[in-house]
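Structure file work19.cif (mmCIF, C-alpha atoms) is printed below.
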data_model
#
loop_
_atom_site.label_atom_id
_atom_site.label_comp_id
_atom_site.auth_asym_id
_atom_site.auth_seq_id
_atom_site.Cartn_x
_atom_site.Cartn_y
_atom_site.Cartn_z
CA MET A 21 34.08 -88.53 78.80
CA ASP A 22 36.22 -91.32 77.49
CA GLN A 23 34.37 -93.57 75.11
CA LYS A 24 36.02 -96.95 75.08
CA VAL A 25 37.05 -97.90 71.59
CA ASN A 26 36.56 -101.52 70.68
CA ILE A 27 39.84 -102.62 69.11
CA VAL A 28 40.18 -105.93 67.30
CA SER A 29 43.38 -107.48 68.66
CA ARG A 30 46.22 -108.87 66.59
CA ALA A 31 45.28 -112.37 67.71
CA GLN A 32 41.68 -111.83 66.54
CA TRP A 33 42.72 -110.88 62.99
CA GLY A 34 45.49 -113.47 62.74
CA ALA A 35 48.63 -111.32 62.85
CA ALA A 36 52.03 -112.91 62.55
CA ALA A 37 54.41 -112.21 65.45
CA PRO A 38 56.64 -109.16 64.93
CA ARG A 39 60.32 -109.85 64.32
CA HIS A 40 61.24 -106.97 66.61
CA LYS A 41 59.32 -104.42 68.67
CA GLU A 42 60.62 -101.02 69.76
CA THR A 43 58.83 -98.99 72.41
CA LEU A 44 58.20 -95.26 72.01
CA LYS A 45 60.04 -93.14 74.55
CA GLY A 46 57.07 -91.28 76.02
CA SER A 47 53.77 -90.15 74.54
CA ALA A 48 53.46 -89.74 70.77
CA GLN A 49 53.72 -86.09 69.67
CA LYS A 50 52.19 -86.62 66.23
CA VAL A 51 49.47 -88.67 64.63
CA VAL A 52 50.05 -89.49 60.97
CA ILE A 53 47.00 -90.46 58.93
CA HIS A 54 47.45 -92.87 56.03
CA HIS A 55 45.36 -94.87 53.60
CA THR A 56 46.25 -98.36 52.46
CA ALA A 57 45.56 -97.41 48.80
CA LEU A 58 43.90 -100.82 48.45
CA PRO A 59 40.19 -101.60 48.17
CA GLY A 60 38.31 -100.84 51.40
CA CYS A 61 36.86 -103.55 53.60
CA THR A 62 33.95 -104.07 55.94
CA GLY A 63 33.51 -106.77 58.55
CA LEU A 64 35.94 -108.94 60.46
CA LYS A 65 36.46 -111.62 57.80
CA GLU A 66 37.11 -109.30 54.85
CA CYS A 67 39.26 -106.88 56.86
CA SER A 68 41.23 -109.68 58.56
CA ASP A 69 42.12 -111.15 55.15
CA ARG A 70 43.21 -107.68 54.00
CA LEU A 71 45.28 -107.12 57.17
CA VAL A 72 47.10 -110.43 56.83
CA SER A 73 47.93 -109.51 53.25
CA ILE A 74 49.13 -105.99 54.21
CA GLN A 75 51.25 -107.38 57.03
CA ARG A 76 52.78 -110.00 54.72
CA GLY A 77 53.62 -107.29 52.17
CA HIS A 78 55.18 -105.05 54.82
CA MET A 79 57.25 -107.86 56.33
CA THR A 80 58.24 -109.65 53.12
CA ASP A 81 58.48 -106.98 50.40
CA LYS A 82 59.38 -103.95 52.50
CA ARG A 83 61.33 -105.95 55.09
CA PHE A 84 59.59 -104.26 58.03
CA ASP A 85 59.61 -105.99 61.43
CA ASP A 86 55.80 -105.96 61.45
CA ILE A 87 52.81 -104.29 59.81
CA GLY A 88 53.83 -100.64 59.49
CA TYR A 89 50.85 -98.95 61.16
CA ASN A 90 49.88 -98.74 64.82
CA PHE A 91 46.17 -99.02 64.00
CA LEU A 92 44.00 -99.55 60.93
CA VAL A 93 40.31 -98.83 60.50
CA GLY A 94 37.73 -100.42 58.22
CA ARG A 95 34.83 -98.69 56.42
CA ASP A 96 32.43 -99.85 59.13
CA GLY A 97 34.50 -98.03 61.77
CA THR A 98 36.07 -101.16 63.26
CA VAL A 99 39.56 -100.41 64.59
CA TYR A 100 42.24 -103.08 64.20
CA GLU A 101 45.42 -103.26 66.24
CA GLY A 102 48.52 -102.99 64.07
CA ARG A 103 51.61 -102.42 66.18
CA GLY A 104 49.38 -100.96 68.90
CA TRP A 105 49.91 -98.20 71.46
CA GLY A 106 53.39 -97.16 72.51
CA VAL A 107 55.22 -99.01 69.74
CA VAL A 108 57.46 -97.41 67.10
CA GLY A 109 55.83 -97.90 63.70
CA ALA A 110 57.21 -98.00 60.15
CA HIS A 111 54.85 -95.63 58.39
CA ALA A 112 56.49 -92.22 57.90
CA LYS A 113 60.24 -92.30 57.30
CA GLY A 114 62.10 -90.09 59.77
CA ASN A 115 58.98 -89.54 61.88
CA ASN A 116 58.29 -92.93 63.44
CA HIS A 117 59.93 -92.37 66.84
CA ASP A 118 57.49 -89.71 68.02
CA SER A 119 54.31 -90.60 66.18
CA LEU A 120 51.33 -92.90 65.91
CA GLY A 121 50.39 -94.16 62.43
CA ILE A 122 46.71 -94.77 61.68
CA ALA A 123 45.69 -96.16 58.29
CA PHE A 124 42.19 -96.01 56.85
CA MET A 125 41.70 -99.18 54.83
CA GLY A 126 40.77 -98.10 51.33
CA ASN A 127 41.87 -95.74 48.60
CA PHE A 128 40.82 -92.19 49.34
CA ASN A 129 42.03 -90.55 46.14
CA ASN A 130 38.46 -91.15 44.94
CA ASP A 131 36.51 -92.59 47.89
CA THR A 132 35.28 -90.50 50.78
CA PRO A 133 36.05 -91.86 54.26
CA SER A 134 32.95 -93.13 56.04
CA SER A 135 31.54 -91.21 58.99
CA GLU A 136 31.87 -94.44 61.02
CA ALA A 137 35.61 -94.65 60.32
CA LEU A 138 36.15 -90.96 61.12
CA SER A 139 34.15 -91.26 64.33
CA SER A 140 36.11 -94.34 65.45
CA VAL A 141 39.43 -92.63 64.83
CA ARG A 142 38.26 -89.57 66.82
CA GLN A 143 37.40 -91.92 69.72
CA LEU A 144 40.74 -93.71 69.33
CA LEU A 145 42.62 -90.39 69.54
CA GLN A 146 40.66 -89.32 72.63
CA SER A 147 41.35 -92.70 74.21
CA GLY A 148 45.07 -92.39 73.40
CA VAL A 149 45.25 -89.01 75.09
CA SER A 150 43.32 -90.19 78.16
CA GLN A 151 45.57 -93.25 78.52
CA GLY A 152 48.75 -91.18 78.14
CA PHE A 153 49.87 -92.75 74.84
CA LEU A 154 49.24 -89.49 72.97
CA CYS A 155 50.37 -86.03 73.98
CA PRO A 156 47.23 -83.84 74.52
CA SER A 157 48.67 -81.23 72.12
CA PHE A 158 49.54 -83.80 69.42
CA ALA A 159 49.91 -82.63 65.82
CA LEU A 160 47.59 -84.36 63.36
CA LEU A 161 49.14 -84.78 59.92
CA GLY A 162 48.48 -86.50 56.65
CA HIS A 163 51.37 -88.65 55.41
CA ARG A 164 51.83 -86.17 52.52
CA ASP A 165 52.71 -83.48 55.08
CA LEU A 166 55.89 -85.45 55.84
CA GLY A 167 56.98 -86.74 52.44
CA SER A 168 56.29 -86.69 48.74
CA THR A 169 53.28 -88.97 48.50
CA GLU A 170 49.58 -88.68 47.69
CA CYS A 171 48.83 -90.56 50.91
CA PRO A 172 46.28 -90.40 52.57
CA GLY A 173 44.44 -89.53 49.34
CA GLY A 174 42.72 -86.25 48.59
CA LYS A 175 39.32 -87.10 50.06
CA LEU A 176 40.75 -88.34 53.37
CA TYR A 177 43.21 -85.46 53.54
CA ALA A 178 40.27 -83.06 53.15
CA ALA A 179 38.55 -84.78 56.10
CA LEU A 180 41.48 -84.28 58.52
CA PRO A 181 39.90 -81.17 60.11
CA GLN A 182 37.07 -83.45 61.30
CA LEU A 183 39.68 -85.50 63.17
CA ARG A 184 41.46 -82.44 64.55
CA ASP A 185 38.18 -81.52 66.28
CA ALA A 186 38.75 -84.59 68.47
CA LYS A 187 41.23 -82.79 70.70
#

Let me see the file written as structure tokens.
Amino acid sequence: MDQKVNIVSRAQWGAAAPRHKETLKGSAQKVVIHHTALPGCTGLKECSDRLVSIQRGHMTDKRFDDIGYNFLVGRDGTVYEGRGWGVVGAHAKGNNHDSLGIAFMGNFNNDTPSSEALSSVRQLLQSGVSQGFLCPSFALLGHRDLGSTECPGGKLYAALPQLRDAK
């Protein structure tokens, strides 16, 4: 049973156009979970403002072609389109060409991810598999599994088994 995930489009949150877009060659083999390490947000207005700011930082300070993540999720479980399905992200150095990057908006060193956000990401993963964007046997990793970082924060990292149950 494929539950359709409601995804807020780039146009709806006011994204700037990407400078360049590279398509993944086939289904993503890995899903990398991140946190933004910024205050969390709830609702379209607050999260849209945060997304515009994150995108500006990624494109200006880090010189990325676009916001780094494929999707981002707010505390209320709303999923926002970053680069979207089938697009190479800029979220886990050396691992972007076979993965999907999903960022929980908030800082999960101290905060616990909401059940709404976890549930939405589970639905997003199931939807990705059913649409062929995600390999059914995808590996689910925290960013810290691929590099020396605290990301996605201890509390979110501890919740990863709840997302692995989505398969």

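Minimum distance to Gly102 of chain A across A:Thr80, A:Asn90, A:Ser157, A:Ser73 (counting all atoms listed in the file) occurs at A:Asn90.
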
Go through segment 99-148 of chain A residue by residue and, counting only C-alpha atoms, keep those with an atom at most 12 Å from segment 35-52 of chain A; for each kept residue give the shortest atom pair and its distance in Å to one decimal, ordered by chain and increasing number, as a Markdown table.
| residue | atom | partner | partner_atom | distance |
| --- | --- | --- | --- | --- |
| A:Tyr100 | CA | A:Ala35 | CA | 10.5 |
| A:Glu101 | CA | A:Ala35 | CA | 9.3 |
| A:Gly102 | CA | A:Ala35 | CA | 8.4 |
| A:Arg103 | CA | A:Lys41 | CA | 8.3 |
| A:Gly104 | CA | A:Thr43 | CA | 10.3 |
| A:Trp105 | CA | A:Leu44 | CA | 8.8 |
| A:Gly106 | CA | A:Leu44 | CA | 5.2 |
| A:Val107 | CA | A:Thr43 | CA | 4.5 |
| A:Val108 | CA | A:Leu44 | CA | 5.4 |
| A:Gly109 | CA | A:Glu42 | CA | 8.3 |
| A:Ala110 | CA | A:Glu42 | CA | 10.6 |
| A:His111 | CA | A:Val52 | CA | 8.2 |
| A:Ala112 | CA | A:Val52 | CA | 7.6 |
| A:Lys113 | CA | A:Val52 | CA | 11.2 |
| A:Asn115 | CA | A:Lys50 | CA | 8.6 |
| A:Asn116 | CA | A:Leu44 | CA | 8.9 |
| A:His117 | CA | A:Leu44 | CA | 6.2 |
| A:Asp118 | CA | A:Ala48 | CA | 4.9 |
| A:Ser119 | CA | A:Lys50 | CA | 4.5 |
| A:Leu120 | CA | A:Val51 | CA | 4.8 |
| A:Gly121 | CA | A:Val52 | CA | 4.9 |
| A:Ile122 | CA | A:Val52 | CA | 6.3 |
| A:Ala123 | CA | A:Val52 | CA | 8.4 |
| A:Phe124 | CA | A:Val52 | CA | 11.0 |
| A:Val141 | CA | A:Val51 | CA | 10.8 |
| A:Arg142 | CA | A:Val51 | CA | 11.5 |
| A:Leu144 | CA | A:Val51 | CA | 11.1 |
| A:Leu145 | CA | A:Val51 | CA | 8.6 |
| A:Gln146 | CA | A:Val51 | CA | 11.9 |
| A:Gly148 | CA | A:Ser47 | CA | 9.1 |

Evaluated on this file, the PyMOL selection byres ((chain A and resi 181) around 12) picks out some residues - which ones are they, written as a list of chain:residue names?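 For this structure, the PyMOL selection byres ((chain A and resi 181) around 12) resolves to A:Ile53, A:Leu138, A:Arg142, A:Ala159, A:Leu160, A:Leu161, A:Gly162, A:Lys175, A:Leu176, A:Tyr177, A:Ala178, A:Ala179, A:Leu180, A:Gln182, A:Leu183, A:Arg184, A:Asp185, A:Ala186, A:Lys187.
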
Distance atom CA of Glu66 of chain A-atom CA of Arg30 of chain A, one decimal place?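 Atom-to-atom, atom CA of Glu66 of chain A and atom CA of Arg30 of chain A are spaced 14.9 Å apart.
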
Quick one: apply the PyMOL selection byres ((chain A and resi 26) around 10) to the file and drop the selected residues here as JSON, numbers by chain. {"A": [23, 24, 25, 27, 28, 29, 97, 98, 99, 100, 140, 143, 144]}

Pick the closest to Gly126 of chain A from A:Gln75, A:Lys65, A:Arg164, A:Cys171: which is it, counting all atoms listed in the file?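 For Gly126 of chain A, the nearest of the given residues is A:Cys171.
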
May I ask which of the residues A:Ser134, A:His55, A:Cys155, A:Phe84 is the closest one to Gly174 of chain A, counting only C-alpha atoms? A:His55

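With only C-alpha atoms taken into account, the protein and nucleic acid residues at most 10 Å from Met125 of chain A (excluding it and anything under 3 positions from it in its own chain) are A:His54, A:His55, A:Thr56, A:Ala57, A:Leu58, A:Pro59, A:Gly60, A:Cys61, A:Thr62, A:Cys67, A:Arg70, A:Leu71, A:Leu92, A:Val93, A:Gly94, A:Arg95, A:Ile122, A:Phe128, A:Pro133, A:Ala137.
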
I'd like to know which of A:Arg76, A:Ser139, A:Gly167, A:Leu154 is closest to Gly114 of chain A, using all atoms listed in the file.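 The shortest atom-to-atom distance to Gly114 of chain A comes from A:Gly167.
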
Would you mind reading off the distance between atom CA of His78 of chain A and atom CA of Asp96 of chain A, one decimal, in Å?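 Spanning atom CA of His78 of chain A to atom CA of Asp96 of chain A is a straight-line distance of 23.7 Å.
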
How many Å lie between atom CA of Ile74 of chain A and atom CA of Asn127 of chain A, rounded to one decimal?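 If I compute the distance from atom CA of Ile74 of chain A to atom CA of Asn127 of chain A, I get 13.8 Å.
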
Kindly complete segment 114-125 of chain A to all heavy atoms; the output should be written as an mmCIF file, keeping the file's coordinate frame.
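Once written, selection-v1.cif looks like this:
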data_model
loop_
_atom_site.group_PDB
_atom_site.id
_atom_site.type_symbol
_atom_site.label_atom_id
_atom_site.label_comp_id
_atom_site.auth_asym_id
_atom_site.auth_seq_id
_atom_site.Cartn_x
_atom_site.Cartn_y
_atom_site.Cartn_z
ATOM 1 N N GLY A 114 61.552 -91.221 59.026
ATOM 2 C CA GLY A 114 62.100 -90.090 59.770
ATOM 3 C C GLY A 114 61.179 -89.541 60.831
ATOM 4 O O GLY A 114 61.558 -88.636 61.576
ATOM 5 N N ASN A 115 59.965 -90.057 60.918
ATOM 6 C CA ASN A 115 58.980 -89.540 61.880
ATOM 7 C C ASN A 115 58.343 -90.632 62.728
ATOM 8 O O ASN A 115 57.318 -90.406 63.363
ATOM 9 C CB ASN A 115 57.853 -88.803 61.133
ATOM 10 C CG ASN A 115 58.346 -87.521 60.510
ATOM 11 O OD1 ASN A 115 58.440 -86.506 61.168
ATOM 12 N ND2 ASN A 115 58.697 -87.589 59.241
ATOM 13 N N ASN A 116 58.929 -91.806 62.746
ATOM 14 C CA ASN A 116 58.290 -92.930 63.440
ATOM 15 C C ASN A 116 58.545 -92.965 64.947
ATOM 16 O O ASN A 116 57.800 -93.608 65.676
ATOM 17 C CB ASN A 116 58.748 -94.256 62.818
ATOM 18 C CG ASN A 116 58.207 -94.412 61.413
ATOM 19 O OD1 ASN A 116 57.052 -94.134 61.153
ATOM 20 N ND2 ASN A 116 59.066 -94.841 60.493
ATOM 21 N N HIS A 117 59.583 -92.271 65.419
ATOM 22 C CA HIS A 117 59.930 -92.370 66.840
ATOM 23 C C HIS A 117 59.157 -91.430 67.747
ATOM 24 O O HIS A 117 59.320 -91.472 68.963
ATOM 25 C CB HIS A 117 61.445 -92.209 67.034
ATOM 26 C CG HIS A 117 62.191 -93.443 66.628
ATOM 27 N ND1 HIS A 117 62.500 -93.723 65.306
ATOM 28 C CD2 HIS A 117 62.648 -94.487 67.356
ATOM 29 C CE1 HIS A 117 63.130 -94.883 65.253
ATOM 30 N NE2 HIS A 117 63.233 -95.373 66.471
ATOM 31 N N ASP A 118 58.298 -90.589 67.168
ATOM 32 C CA ASP A 118 57.490 -89.710 68.020
ATOM 33 C C ASP A 118 56.055 -89.625 67.518
ATOM 34 O O ASP A 118 55.351 -88.663 67.763
ATOM 35 C CB ASP A 118 58.110 -88.306 68.090
ATOM 36 C CG ASP A 118 58.113 -87.585 66.747
ATOM 37 O OD1 ASP A 118 57.818 -88.224 65.710
ATOM 38 O OD2 ASP A 118 58.394 -86.374 66.738
ATOM 39 N N SER A 119 55.636 -90.677 66.770
ATOM 40 C CA SER A 119 54.310 -90.600 66.180
ATOM 41 C C SER A 119 53.539 -91.904 66.269
ATOM 42 O O SER A 119 54.097 -92.956 66.583
ATOM 43 C CB SER A 119 54.414 -90.185 64.705
ATOM 44 O OG SER A 119 54.992 -91.238 63.944
ATOM 45 N N LEU A 120 52.264 -91.777 65.976
ATOM 46 C CA LEU A 120 51.330 -92.900 65.910
ATOM 47 C C LEU A 120 50.821 -92.918 64.466
ATOM 48 O O LEU A 120 50.415 -91.874 63.958
ATOM 49 C CB LEU A 120 50.178 -92.619 66.871
ATOM 50 C CG LEU A 120 49.101 -93.674 67.030
ATOM 51 C CD1 LEU A 120 49.640 -94.825 67.868
ATOM 52 C CD2 LEU A 120 47.886 -93.072 67.721
ATOM 53 N N GLY A 121 50.867 -94.065 63.817
ATOM 54 C CA GLY A 121 50.390 -94.160 62.430
ATOM 55 C C GLY A 121 49.041 -94.864 62.389
ATOM 56 O O GLY A 121 48.898 -95.976 62.887
ATOM 57 N N ILE A 122 48.053 -94.196 61.812
ATOM 58 C CA ILE A 122 46.710 -94.770 61.680
ATOM 59 C C ILE A 122 46.353 -94.806 60.200
ATOM 60 O O ILE A 122 46.384 -93.777 59.520
ATOM 61 C CB ILE A 122 45.661 -93.936 62.443
ATOM 62 C CG1 ILE A 122 46.024 -93.855 63.932
ATOM 63 C CG2 ILE A 122 44.263 -94.537 62.247
ATOM 64 C CD1 ILE A 122 45.118 -92.934 64.733
ATOM 65 N N ALA A 123 46.037 -96.008 59.711
ATOM 66 C CA ALA A 123 45.690 -96.160 58.290
ATOM 67 C C ALA A 123 44.210 -96.461 58.134
ATOM 68 O O ALA A 123 43.668 -97.347 58.800
ATOM 69 C CB ALA A 123 46.508 -97.293 57.676
ATOM 70 N N PHE A 124 43.564 -95.712 57.265
ATOM 71 C CA PHE A 124 42.190 -96.010 56.850
ATOM 72 C C PHE A 124 42.312 -97.036 55.738
ATOM 73 O O PHE A 124 43.067 -96.816 54.786
ATOM 74 C CB PHE A 124 41.504 -94.746 56.336
ATOM 75 C CG PHE A 124 41.046 -93.795 57.405
ATOM 76 C CD1 PHE A 124 41.969 -93.102 58.189
ATOM 77 C CD2 PHE A 124 39.695 -93.573 57.616
ATOM 78 C CE1 PHE A 124 41.551 -92.209 59.164
ATOM 79 C CE2 PHE A 124 39.259 -92.679 58.590
ATOM 80 C CZ PHE A 124 40.185 -92.001 59.370
ATOM 81 N N MET A 125 41.610 -98.155 55.854
ATOM 82 C CA MET A 125 41.700 -99.180 54.830
ATOM 83 C C MET A 125 40.814 -98.797 53.654
ATOM 84 O O MET A 125 39.600 -98.695 53.779
ATOM 85 C CB MET A 125 41.333 -100.544 55.410
ATOM 86 C CG MET A 125 42.423 -101.031 56.363
ATOM 87 S SD MET A 125 42.292 -102.766 56.764
ATOM 88 C CE MET A 125 41.151 -102.700 58.127
#
